[in-house]
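Student: Dropping in work14.txt, which is compact mmCIF, C-alpha atoms:
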# COMPACT_ATOMS: atom_id res chain seq x y z
CA MET I 1 23.97 -42.35 -0.28
CA ASN I 2 25.47 -45.30 1.59
CA LYS I 3 27.12 -45.37 5.00
CA ARG I 4 30.63 -44.89 3.56
CA ALA I 5 29.52 -41.82 1.58
CA ALA I 6 27.75 -40.46 4.66
CA ILE I 7 30.89 -40.76 6.79
CA LEU I 8 32.98 -39.20 4.02
CA THR I 9 30.48 -36.33 3.78
CA LEU I 10 30.69 -35.57 7.51
CA LEU I 11 34.47 -35.78 7.60
CA ASN I 12 34.81 -33.67 4.46
CA VAL I 13 32.36 -30.97 5.54
CA THR I 14 34.13 -30.76 8.91
CA ALA I 15 37.51 -30.43 7.21
CA MET I 16 36.10 -27.73 4.92
CA ALA I 17 34.30 -25.83 7.72
CA ASP I 18 37.07 -23.31 8.37
CA GLY I 19 37.54 -22.57 4.68
CA LYS I 20 40.65 -24.65 4.12
CA VAL I 21 41.44 -28.36 4.05
CA THR I 22 44.90 -28.94 5.46
CA PRO I 23 47.16 -31.83 4.47
CA GLU I 24 46.59 -33.32 7.93
CA GLU I 25 42.82 -33.25 7.51
CA LYS I 26 43.04 -34.77 4.05
CA GLN I 27 45.36 -37.50 5.34
CA MET I 28 42.90 -38.33 8.12
CA ILE I 29 40.11 -38.78 5.56
CA TYR I 30 42.35 -41.11 3.55
CA ASP I 31 43.39 -43.06 6.65
CA VAL I 32 39.81 -43.54 7.86
CA LEU I 33 38.40 -44.62 4.51
CA GLU I 34 41.31 -46.88 3.63
CA LYS I 35 41.19 -48.59 7.04
CA GLU I 36 37.46 -48.74 7.75
CA PHE I 37 36.31 -49.59 4.22
CA ASP I 38 39.38 -51.31 2.78
CA LEU I 39 39.68 -48.79 -0.05
CA THR I 40 42.71 -48.05 -2.17
CA GLU I 41 44.22 -44.57 -2.32
CA GLU I 42 42.81 -44.16 -5.83
CA GLU I 43 39.30 -45.10 -4.67
CA VAL I 44 39.50 -42.59 -1.83
CA THR I 45 40.76 -39.90 -4.21
CA ARG I 46 37.85 -40.44 -6.62
CA GLY I 47 35.32 -40.54 -3.79
CA LEU I 48 36.72 -37.43 -2.13
CA GLU I 49 36.76 -35.45 -5.39
CA GLU I 50 33.15 -36.40 -6.14
CA ASN I 51 32.04 -35.72 -2.57
CA THR I 52 33.71 -32.30 -2.57
CA ARG I 53 32.00 -31.43 -5.85
CA LEU I 54 28.59 -32.44 -4.47
CA LEU I 55 29.16 -30.58 -1.20
CA GLN I 56 30.02 -27.42 -3.12
CA GLN I 57 26.74 -27.73 -5.03
CA ASN I 58 24.49 -28.27 -2.01
CA THR I 59 26.11 -28.67 1.40
CA THR I 60 22.86 -28.64 3.37
CA LYS I 61 21.26 -31.39 1.30
CA MET I 62 24.35 -33.59 1.52
CA VAL I 63 24.70 -33.22 5.29
CA LYS I 64 20.99 -33.89 5.88
CA GLU I 65 21.16 -37.00 3.73
CA ALA I 66 24.31 -38.20 5.52
CA VAL I 67 22.70 -37.79 8.93
CA LEU I 68 19.56 -39.63 7.82
CA VAL I 69 21.57 -42.52 6.41
CA LEU I 70 23.60 -42.85 9.59
CA ARG I 71 20.53 -42.59 11.85
CA ASN I 72 18.84 -45.37 9.88
CA GLU I 73 21.81 -47.68 9.35
CA CYS I 74 24.03 -47.37 12.42
CA THR I 75 23.84 -48.75 15.91
CA VAL I 76 24.35 -46.45 18.88
CA ASN I 77 27.93 -47.66 19.23
CA GLU I 78 28.64 -47.06 15.54
CA MET I 79 27.25 -43.52 15.86
CA LYS I 80 29.49 -42.87 18.85
CA LYS I 81 32.48 -44.03 16.80
CA ILE I 82 31.49 -41.78 13.88
CA ILE I 83 31.02 -38.78 16.16
CA LYS I 84 34.47 -39.48 17.64
CA LEU I 85 35.93 -39.55 14.11
CA VAL I 86 34.34 -36.17 13.38
CA LYS I 87 35.66 -34.80 16.69
CA ASP I 88 39.12 -36.09 15.82
CA MET I 89 38.83 -34.35 12.45
CA THR I 90 38.30 -31.03 14.23
CA MET I 91 41.76 -31.38 15.74
CA ALA I 92 43.59 -32.96 12.79
CA ASP I 93 45.23 -29.64 11.94
CA ASN I 94 45.77 -28.68 15.61
CA GLU I 95 43.43 -25.71 15.16
CA LEU I 96 39.95 -25.83 16.66
CA ASP I 97 37.51 -23.67 14.74
CA ARG I 98 34.07 -22.69 16.09
CA ARG I 99 32.42 -23.91 12.87
CA GLU I 100 33.96 -27.34 13.39
CA ILE I 101 32.69 -27.42 16.96
CA LEU I 102 29.21 -26.49 15.75
CA ILE I 103 29.19 -29.41 13.31
CA VAL I 104 30.09 -31.85 16.10
CA GLU I 105 27.41 -30.40 18.39
CA LEU I 106 24.75 -30.54 15.70
CA LEU I 107 25.70 -34.07 14.69
CA THR I 108 25.48 -35.17 18.31
CA MET I 109 22.01 -33.62 18.67
CA LEU I 110 20.68 -34.89 15.34
CA THR I 111 21.74 -38.46 15.95
CA ALA I 112 20.54 -38.66 19.57
As structure tokens - that is how I would like this structure written.
Tutor:
Amino acid sequence: MNKRAAILTLLNVTAMADGKVTPEEKQMIYDVLEKEFDLTEEEVTRGLEENTRLLQQNTTKMVKEAVLVLRNECTVNEMKKIIKLVKDMTMADNELDRREILIVELLTMLTA
């Protein structure tokens, strides 16, 4: 897993945490990946579909791997930016779910 896949994993698992991915959450994933990694809409679509499939197979493994990649490859400032992106994802649909909050709290602890 590379840094881009790790960020996608964290955004996707946060969007999926409450059991539904809203259009606003999906749009945020597209916006982040297109802007931060200069990807086309088609590239984001393929990556998101594959990531969703892998998360459905083994969420715990994917999240652990994402956190390890980010801990090893990101500076403190990059981690702060990623955590902010995940926090922003929790509010993308204007509904704050306790499972989304838990993901942010765990991510903050695991990357400290």
Student: For each of I:Thr45, I:Thr75, I:Val13, I:Glu105, take the minimum atom-to-atom distance to Gln27 (chain I), counting all atoms listed in the file, then give the residue where this is smallest.
Tutor: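 Checking each of I:Thr45, I:Thr75, I:Val13, I:Glu105 against Gln27 (chain I), counting all atoms listed in the file, the winner is I:Thr45.
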Student: Mind checking which residues fall within 9 Å of Glu34 (chain I), counting only C-alpha atoms, ignoring those fewer than 6 positions away in the same chain, and posting them as a PDB file with C-alpha atoms, in the frame of the given file?
Tutor:
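The resulting part-v7.pdb:
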ATOM      1  CA  THR I  40      42.710 -48.050  -2.170  1.00  0.00           C
ATOM      2  CA  GLU I  41      44.220 -44.570  -2.320  1.00  0.00           C
ATOM      3  CA  GLU I  43      39.300 -45.100  -4.670  1.00  0.00           C
ATOM      4  CA  VAL I  44      39.500 -42.590  -1.830  1.00  0.00           C
TER       5      VAL I  44
END
Student: Residues within 10 Å of Leu110 (chain I), please, as a PDB file with C-alpha atoms, in the frame of the given file. Count all atoms listed in the file; anything in the same chain fewer than 4 positions from it doesn't count.
Tutor:
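The resulting file, around-v3.pdb, is shown below:
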ATOM      1  CA  LYS I  64      20.990 -33.890   5.880  1.00  0.00           C
ATOM      2  CA  VAL I  67      22.700 -37.790   8.930  1.00  0.00           C
ATOM      3  CA  LEU I  68      19.560 -39.630   7.820  1.00  0.00           C
ATOM      4  CA  ARG I  71      20.530 -42.590  11.850  1.00  0.00           C
ATOM      5  CA  VAL I 104      30.090 -31.850  16.100  1.00  0.00           C
ATOM      6  CA  GLU I 105      27.410 -30.400  18.390  1.00  0.00           C
ATOM      7  CA  LEU I 106      24.750 -30.540  15.700  1.00  0.00           C
TER       8      LEU I 106
END
Student: Just the residues within 9 Å of Leu48 (chain I), please, counting only C-alpha atoms, with nothing from its chain fewer than 4 positions along; format it as a PyMOL selection string.
Tutor: chain I and resi 8-9+12+29-30+43-44+52-53
Student: Between CA of Arg99 (chain I) and CA of Met16 (chain I), measure the distance and give it in Å to one decimal.
Tutor: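 Taking CA of Arg99 (chain I) and CA of Met16 (chain I), their separation equals 9.6 Å.
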Student: How many Å separate CA of Arg98 (chain I) from CA of Lys26 (chain I)?
Tutor: 19.3 Å
Student: Which is closer to Leu107 (chain I) than all the others in I:Asp88, I:Met62, I:Asp93, I:Met79, using all atoms listed in the file?
Tutor: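 Nearest candidate to Leu107 (chain I) out of I:Asp88, I:Met62, I:Asp93, I:Met79: I:Met79.
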Student: Please identify all polymer residues lying at most 12 Å from the point (39.1, -25.5, 16.3) (file coordinates), using all atoms listed in the file, and present the result as a list of chain:residue names.
Tutor: I:Thr14, I:Ala15, I:Met16, I:Ala17, I:Asp18, I:Lys87, I:Asp88, I:Met89, I:Thr90, I:Met91, I:Ala92, I:Asp93, I:Asn94, I:Glu95, I:Leu96, I:Asp97, I:Arg98, I:Arg99, I:Glu100, I:Ile101, I:Leu102, I:Ile103, I:Val104
Student: Go ahead and compute the interatomic distance for CA of Val69 (chain I) and CA of Ala6 (chain I), in Å to one decimal.
Tutor: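 Separation between CA of Val69 (chain I) and CA of Ala6 (chain I): 6.7 Å.
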Student: Nearest to Ala5 (chain I): which of I:Val21, I:Leu39, I:Leu55, I:Ala66 is it, counting all atoms listed in the file?
Tutor: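 For Ala5 (chain I), the nearest of the candidates is I:Ala66.
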